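Notes to accompany the following structure.
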Amino acid sequence: MTDQAIRTVLVTGAARGIGLATARRFLTEGWQVGLLDIDGAGLERAAAEIATPERTLVLTCDVSMPAQLESAFAGMAKRFGRLDALVNNAGTAVFKPMLDTTHEEWQRVLAVNLTGPFLATQLAARAMADNGGGAVVNITSISGLRASTLRVAYGTSKAALAHLTKQQAVELAGLSIRVNAVAPGPVETAMAKAVHSPEIRADYRDAVPLGRYGLEEELAEAIFFLCSDRATYVTGQVLAVDGGFDAAGIGLATLRGERRNS
């Protein structure tokens with residue numbers, strides 16, 4: 001078993017994107033990291049890139065399946081013997097009009113994006129209580145704060161996750177477990193690059209006050225902060241890491257267009 005004094009985090013959805021960047025951030029600080037994802041092959045590639053086998057554990061798991069999650073947490077306990085933080089990053093999306101979204105698609109998105117963090121936090125809280133407390137960060141989305149087209153299931157699941165964050169924060173405070181959420185705006189992930197057309201990317205740049213997509217590393221920094229000792233009095237909060245997107249009203253895109261044309 002690894003040195004019990006080293007802090008340990010479990011990051012779900014860690015095969016790529018924000019999850020992988022977050023795992024790297026914790027490793028930089030000397031933490032032990034469990035990398036969990038439904039994509040086993042992707043996890044193996046990520047672990048090979050990280051190349052820190054003495055402080056990492058790869059766990060292939062569907063977060064919506066209770067038995068698989070229980071097995072993953074048992075694996076964490078066997079390997080590391082403790083859990084200090086959980087990052088609920090695993091998620092899925094269906095980009096369809098509401099009237100075209102099937103019952104099965106709706107259920108799957110809610111199962112992964114909402115039920116998964118519910119189940120994982122239940123298991124994590126029991127493990128963290130044995131260490132005297134810990135921290136949970138749920139990854140919501142700007143889509144849970146602002147409605148947009150083609151995201152009825154995704155946006156609803158993320159809005160519910162934001163409330164679940166507050167519920168968990170209130171109920172777990174007595175165990176010295178803090179629970180917060182990070183709500184990313186548009187981020188330069190592989191998914192965004194695949195599904196955002198040049199026109200959509202231009203729309204986002206016009207709508208975001210900072211005028212650009214966020215970086216995976218910028219999200220990881222916020223997530224790490226909320227899990228660290230620098231945030232010991234922060235709980236029940238949803239931190240939008242979005243370049244000011246949620247703060248902006250109408251008019252910004254028009255103003256920028258006028259500036260470009262002047």
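By order in the structure tokens, chains are A, B, ...; within a chain, residues start at 1; ligands start at 1, following the order shown.
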**Contact residues around Met128 of chain A with only C-alpha atoms at 6 Å, ignoring same-chain residues under 5 positions, as number ranges by chain** = A: 83-84, 133-134
Store the residues of this selection in a file with C-alpha atoms, as a compact mmCIF listing (two decimals), in the first residue's frame.
```txt
# COMPACT_ATOMS: atom_id res chain seq x y z
CA LEU A 83 -9.69 9.32 -0.27
CA ASP A 84 -9.40 13.07 0.18
CA GLY A 133 -13.25 15.00 5.83
CA GLY A 134 -12.52 15.95 2.26
```
**Message:** At a cut-off of 12 Å, using only C-alpha atoms, what residues contact segment 191-198 of chain A? Leave out same-chain residues fewer than 2 positions from it and give the result as an NGL selection string.
**Reply:** :A and (16-18 or 91-95 or 185-189 or 200-205 or 213-216)
Atoms kept (N, CA and C atoms) for selection, written as a PDB file, in the first residue's frame:
```
ATOM      1  N   ARG A  16      -9.660  12.031 -20.950  1.00  0.00           N
ATOM      2  CA  ARG A  16      -9.333  13.127 -21.869  1.00  0.00           C
ATOM      3  C   ARG A  16      -9.891  14.437 -21.311  1.00  0.00           C
ATOM      4  N   GLY A  17      -9.620  15.508 -22.013  1.00  0.00           N
ATOM      5  CA  GLY A  17     -10.252  16.798 -21.730  1.00  0.00           C
ATOM      6  C   GLY A  17      -9.997  17.343 -20.338  1.00  0.00           C
ATOM      7  N   ILE A  18     -11.039  17.929 -19.772  1.00  0.00           N
ATOM      8  CA  ILE A  18     -10.927  18.564 -18.463  1.00  0.00           C
ATOM      9  C   ILE A  18     -10.532  17.553 -17.399  1.00  0.00           C
ATOM     10  N   GLY A  91     -19.322  12.834 -17.983  1.00  0.00           N
ATOM     11  CA  GLY A  91     -20.579  13.355 -18.495  1.00  0.00           C
ATOM     12  C   GLY A  91     -20.825  12.909 -19.924  1.00  0.00           C
ATOM     13  N   THR A  92     -22.061  13.062 -20.352  1.00  0.00           N
ATOM     14  CA  THR A  92     -22.426  12.744 -21.723  1.00  0.00           C
ATOM     15  C   THR A  92     -23.462  13.749 -22.192  1.00  0.00           C
ATOM     16  N   ALA A  93     -23.650  13.841 -23.491  1.00  0.00           N
ATOM     17  CA  ALA A  93     -24.579  14.837 -24.036  1.00  0.00           C
ATOM     18  C   ALA A  93     -25.258  14.299 -25.284  1.00  0.00           C
ATOM     19  N   VAL A  94     -26.466  14.777 -25.517  1.00  0.00           N
ATOM     20  CA  VAL A  94     -27.202  14.524 -26.751  1.00  0.00           C
ATOM     21  C   VAL A  94     -27.587  15.887 -27.304  1.00  0.00           C
ATOM     22  N   PHE A  95     -27.122  16.199 -28.488  1.00  0.00           N
ATOM     23  CA  PHE A  95     -27.410  17.506 -29.075  1.00  0.00           C
ATOM     24  C   PHE A  95     -28.526  17.338 -30.108  1.00  0.00           C
ATOM     25  N   GLY A 185     -17.637  27.308 -19.163  1.00  0.00           N
ATOM     26  CA  GLY A 185     -18.195  27.868 -20.385  1.00  0.00           C
ATOM     27  C   GLY A 185     -17.591  27.121 -21.555  1.00  0.00           C
ATOM     28  N   PRO A 186     -17.512  27.730 -22.729  1.00  0.00           N
ATOM     29  CA  PRO A 186     -16.884  27.060 -23.861  1.00  0.00           C
ATOM     30  C   PRO A 186     -15.401  26.819 -23.585  1.00  0.00           C
ATOM     31  N   VAL A 187     -14.977  25.574 -23.772  1.00  0.00           N
ATOM     32  CA  VAL A 187     -13.604  25.178 -23.460  1.00  0.00           C
ATOM     33  C   VAL A 187     -13.007  24.471 -24.667  1.00  0.00           C
ATOM     34  N   GLU A 188     -11.716  24.667 -24.869  1.00  0.00           N
ATOM     35  CA  GLU A 188     -11.020  24.030 -25.993  1.00  0.00           C
ATOM     36  C   GLU A 188     -10.763  22.556 -25.695  1.00  0.00           C
ATOM     37  N   THR A 189     -11.835  21.761 -25.778  1.00  0.00           N
ATOM     38  CA  THR A 189     -11.716  20.318 -25.614  1.00  0.00           C
ATOM     39  C   THR A 189     -11.850  19.657 -26.985  1.00  0.00           C
ATOM     40  N   ILE A 200     -20.235  28.683 -35.052  1.00  0.00           N
ATOM     41  CA  ILE A 200     -20.539  28.607 -33.625  1.00  0.00           C
ATOM     42  C   ILE A 200     -19.371  29.150 -32.804  1.00  0.00           C
ATOM     43  N   ARG A 201     -18.164  28.813 -33.210  1.00  0.00           N
ATOM     44  CA  ARG A 201     -16.989  29.319 -32.495  1.00  0.00           C
ATOM     45  C   ARG A 201     -16.949  30.846 -32.542  1.00  0.00           C
ATOM     46  N   ALA A 202     -17.289  31.411 -33.682  1.00  0.00           N
ATOM     47  CA  ALA A 202     -17.322  32.871 -33.793  1.00  0.00           C
ATOM     48  C   ALA A 202     -18.404  33.462 -32.898  1.00  0.00           C
ATOM     49  N   ASP A 203     -19.558  32.795 -32.835  1.00  0.00           N
ATOM     50  CA  ASP A 203     -20.634  33.259 -31.959  1.00  0.00           C
ATOM     51  C   ASP A 203     -20.182  33.266 -30.499  1.00  0.00           C
ATOM     52  N   TYR A 204     -19.511  32.191 -30.082  1.00  0.00           N
ATOM     53  CA  TYR A 204     -19.037  32.125 -28.704  1.00  0.00           C
ATOM     54  C   TYR A 204     -18.021  33.236 -28.423  1.00  0.00           C
ATOM     55  N   ARG A 205     -17.095  33.429 -29.330  1.00  0.00           N
ATOM     56  CA  ARG A 205     -16.091  34.474 -29.089  1.00  0.00           C
ATOM     57  C   ARG A 205     -16.737  35.846 -28.956  1.00  0.00           C
ATOM     58  N   TYR A 213     -12.238  30.945 -26.084  1.00  0.00           N
ATOM     59  CA  TYR A 213     -12.558  29.716 -25.358  1.00  0.00           C
ATOM     60  C   TYR A 213     -11.605  29.579 -24.165  1.00  0.00           C
ATOM     61  N   GLY A 214     -12.076  28.893 -23.135  1.00  0.00           N
ATOM     62  CA  GLY A 214     -11.210  28.588 -22.013  1.00  0.00           C
ATOM     63  C   GLY A 214     -10.285  27.424 -22.340  1.00  0.00           C
ATOM     64  N   LEU A 215      -9.259  27.256 -21.529  1.00  0.00           N
ATOM     65  CA  LEU A 215      -8.332  26.146 -21.675  1.00  0.00           C
ATOM     66  C   LEU A 215      -8.627  25.090 -20.625  1.00  0.00           C
ATOM     67  N   GLU A 216      -8.392  23.831 -20.983  1.00  0.00           N
ATOM     68  CA  GLU A 216      -8.605  22.737 -20.028  1.00  0.00           C
ATOM     69  C   GLU A 216      -7.815  22.983 -18.748  1.00  0.00           C
TER      70      GLU A 216
END
```
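Atom pair atom CA of Gly116 of chain A / atom CA of Leu99 of chain A: separated by 25.4 Å.
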**Request:** Quote the spacing between atom CA of Tyr154 of chain A and atom CA of Val109 of chain A in Å to one decimal place.
**Result:**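 Atom-to-atom, atom CA of Tyr154 of chain A to atom CA of Val109 of chain A, that is 6.4 Å.
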Within 10 Å of segment 166-177 of chain A, which residues of segment 183-255 of chain A come that close, and what is the closest atom pair and distance in Å for each? Count only C-alpha atoms and give it as JSON lines.
```
{"residue": "A:Thr232", "atom": "CA", "partner": "A:Ser176", "partner_atom": "CA", "distance": 9.6}
{"residue": "A:Val234", "atom": "CA", "partner": "A:Ala169", "partner_atom": "CA", "distance": 9.7}
{"residue": "A:Thr235", "atom": "CA", "partner": "A:Ala169", "partner_atom": "CA", "distance": 6.0}
{"residue": "A:Gly236", "atom": "CA", "partner": "A:Lys166", "partner_atom": "CA", "distance": 4.5}
{"residue": "A:Gln237", "atom": "CA", "partner": "A:Lys166", "partner_atom": "CA", "distance": 7.0}
{"residue": "A:Val238", "atom": "CA", "partner": "A:Lys166", "partner_atom": "CA", "distance": 8.5}
```
Write the residues of the selection above to a file with C-alpha atoms, as a PDB file, in the first residue's frame.
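Result file out.pdb:
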```pdb
ATOM      1  CA  THR A 232     -11.409  25.401   3.430  1.00  0.00           C
ATOM      2  CA  VAL A 234     -15.892  27.450   0.634  1.00  0.00           C
ATOM      3  CA  THR A 235     -18.792  25.036   0.215  1.00  0.00           C
ATOM      4  CA  GLY A 236     -22.112  24.918  -1.608  1.00  0.00           C
ATOM      5  CA  GLN A 237     -20.908  27.210  -4.390  1.00  0.00           C
ATOM      6  CA  VAL A 238     -21.123  27.001  -8.195  1.00  0.00           C
TER       7      VAL A 238
END
```
**Prompt:** Of the candidates A:Arg25, A:His163, A:Lys96, A:Arg126, which shows the shortest atom-to-atom distance to Ala77 of chain A, using only C-alpha atoms?
**Reply:** A:Arg126
**Asked** Of the residues A:Glu44, A:Asp130, A:Asp100, A:Glu54, which is the one nearest to Gly30 of chain A, using only C-alpha atoms?
**Response**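 Closest residue, counting only C-alpha atoms: A:Glu54.
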**helix (DSSP H, G or I) positions in segment 3-56 of chain A, given as an MDAnalysis selection string** = chainID A and resid 17:28 40:50 53:55
**Request:** Please provide as a PyMOL selection string all residues within 6 Å of segment 135-145 of chain A, with the sequence filter that same-chain residues fewer than 3 positions apart are discarded (counting only C-alpha atoms).
**Result:** chain A and resi 85-89+155+158-159+177-185+227
Kindly export the residues of the current selection with N, CA and C atoms, as a PDB file, in the first residue's frame.
```
ATOM      1  N   ALA A  85     -10.403  13.605  -1.987  1.00  0.00           N
ATOM      2  CA  ALA A  85     -11.170  14.455  -2.894  1.00  0.00           C
ATOM      3  C   ALA A  85     -11.778  13.614  -4.011  1.00  0.00           C
ATOM      4  N   LEU A  86     -12.897  14.085  -4.497  1.00  0.00           N
ATOM      5  CA  LEU A  86     -13.595  13.466  -5.628  1.00  0.00           C
ATOM      6  C   LEU A  86     -13.963  14.555  -6.617  1.00  0.00           C
ATOM      7  N   VAL A  87     -13.644  14.325  -7.888  1.00  0.00           N
ATOM      8  CA  VAL A  87     -14.048  15.243  -8.953  1.00  0.00           C
ATOM      9  C   VAL A  87     -15.010  14.497  -9.868  1.00  0.00           C
ATOM     10  N   ASN A  88     -16.277  14.886  -9.815  1.00  0.00           N
ATOM     11  CA  ASN A  88     -17.322  14.263 -10.639  1.00  0.00           C
ATOM     12  C   ASN A  88     -17.368  14.961 -11.995  1.00  0.00           C
ATOM     13  N   ASN A  89     -16.506  14.501 -12.895  1.00  0.00           N
ATOM     14  CA  ASN A  89     -16.381  15.146 -14.198  1.00  0.00           C
ATOM     15  C   ASN A  89     -17.034  14.348 -15.330  1.00  0.00           C
ATOM     16  N   GLY A 155     -28.600  20.278 -20.551  1.00  0.00           N
ATOM     17  CA  GLY A 155     -28.754  21.465 -19.720  1.00  0.00           C
ATOM     18  C   GLY A 155     -29.547  21.189 -18.454  1.00  0.00           C
ATOM     19  N   LYS A 158     -27.421  19.293 -15.919  1.00  0.00           N
ATOM     20  CA  LYS A 158     -26.406  20.120 -15.287  1.00  0.00           C
ATOM     21  C   LYS A 158     -27.019  21.116 -14.309  1.00  0.00           C
ATOM     22  N   ALA A 159     -28.215  21.612 -14.617  1.00  0.00           N
ATOM     23  CA  ALA A 159     -28.914  22.481 -13.661  1.00  0.00           C
ATOM     24  C   ALA A 159     -29.257  21.705 -12.396  1.00  0.00           C
ATOM     25  N   ILE A 177     -16.937  17.566   5.061  1.00  0.00           N
ATOM     26  CA  ILE A 177     -16.791  17.370   3.615  1.00  0.00           C
ATOM     27  C   ILE A 177     -17.384  18.585   2.915  1.00  0.00           C
ATOM     28  N   ARG A 178     -16.566  19.261   2.133  1.00  0.00           N
ATOM     29  CA  ARG A 178     -17.016  20.407   1.362  1.00  0.00           C
ATOM     30  C   ARG A 178     -17.406  19.956  -0.040  1.00  0.00           C
ATOM     31  N   VAL A 179     -18.484  20.540  -0.576  1.00  0.00           N
ATOM     32  CA  VAL A 179     -18.943  20.194  -1.921  1.00  0.00           C
ATOM     33  C   VAL A 179     -19.197  21.473  -2.703  1.00  0.00           C
ATOM     34  N   ASN A 180     -18.517  21.615  -3.825  1.00  0.00           N
ATOM     35  CA  ASN A 180     -18.691  22.766  -4.698  1.00  0.00           C
ATOM     36  C   ASN A 180     -18.811  22.282  -6.140  1.00  0.00           C
ATOM     37  N   ALA A 181     -19.091  23.214  -7.030  1.00  0.00           N
ATOM     38  CA  ALA A 181     -19.197  22.868  -8.445  1.00  0.00           C
ATOM     39  C   ALA A 181     -18.450  23.902  -9.278  1.00  0.00           C
ATOM     40  N   VAL A 182     -17.959  23.451 -10.409  1.00  0.00           N
ATOM     41  CA  VAL A 182     -17.379  24.330 -11.413  1.00  0.00           C
ATOM     42  C   VAL A 182     -18.245  24.228 -12.663  1.00  0.00           C
ATOM     43  N   ALA A 183     -18.649  25.369 -13.191  1.00  0.00           N
ATOM     44  CA  ALA A 183     -19.491  25.409 -14.385  1.00  0.00           C
ATOM     45  C   ALA A 183     -18.670  25.966 -15.545  1.00  0.00           C
ATOM     46  N   PRO A 184     -18.127  25.098 -16.387  1.00  0.00           N
ATOM     47  CA  PRO A 184     -17.330  25.593 -17.516  1.00  0.00           C
ATOM     48  C   PRO A 184     -18.198  26.280 -18.555  1.00  0.00           C
ATOM     49  N   GLY A 185     -17.637  27.308 -19.163  1.00  0.00           N
ATOM     50  CA  GLY A 185     -18.195  27.868 -20.385  1.00  0.00           C
ATOM     51  C   GLY A 185     -17.591  27.121 -21.555  1.00  0.00           C
ATOM     52  N   CYS A 227     -10.535  21.952  -4.154  1.00  0.00           N
ATOM     53  CA  CYS A 227     -10.201  20.754  -3.387  1.00  0.00           C
ATOM     54  C   CYS A 227      -9.078  21.001  -2.393  1.00  0.00           C
TER      55      CYS A 227
END
```
**Message:** Just to confirm, what's the straight-line distance from atom CA of Thr156 of chain A to atom CA of Leu239 of chain A in Å (one decimal)?
**Reply:**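 Straight-line distance from atom CA of Thr156 of chain A to atom CA of Leu239 of chain A works out to 17.6 Å.
Residues surrounding Trp31 of chain A within 7 Å are Ile6, Arg7, Thr8, Phe26 and Leu27 of chain A [only C-alpha atoms; sequence separation below 3 positions excluded].
For segment 34-213 of chain A, a DSSP pass over the backbone yields strand (DSSP E) at A:Gly34, A:Leu35, A:Leu36, A:Asp37, A:Thr56, A:Leu57, A:Val58, A:Leu59, A:Thr60, A:Ala85, A:Leu86, A:Val87, A:Asn88, A:Gly134, A:Ala135, A:Val136, A:Val137, A:Asn138, A:Ile139, A:Ile177, A:Arg178, A:Val179, A:Asn180, A:Ala181, A:Val182, A:Ala183, A:Pro184.
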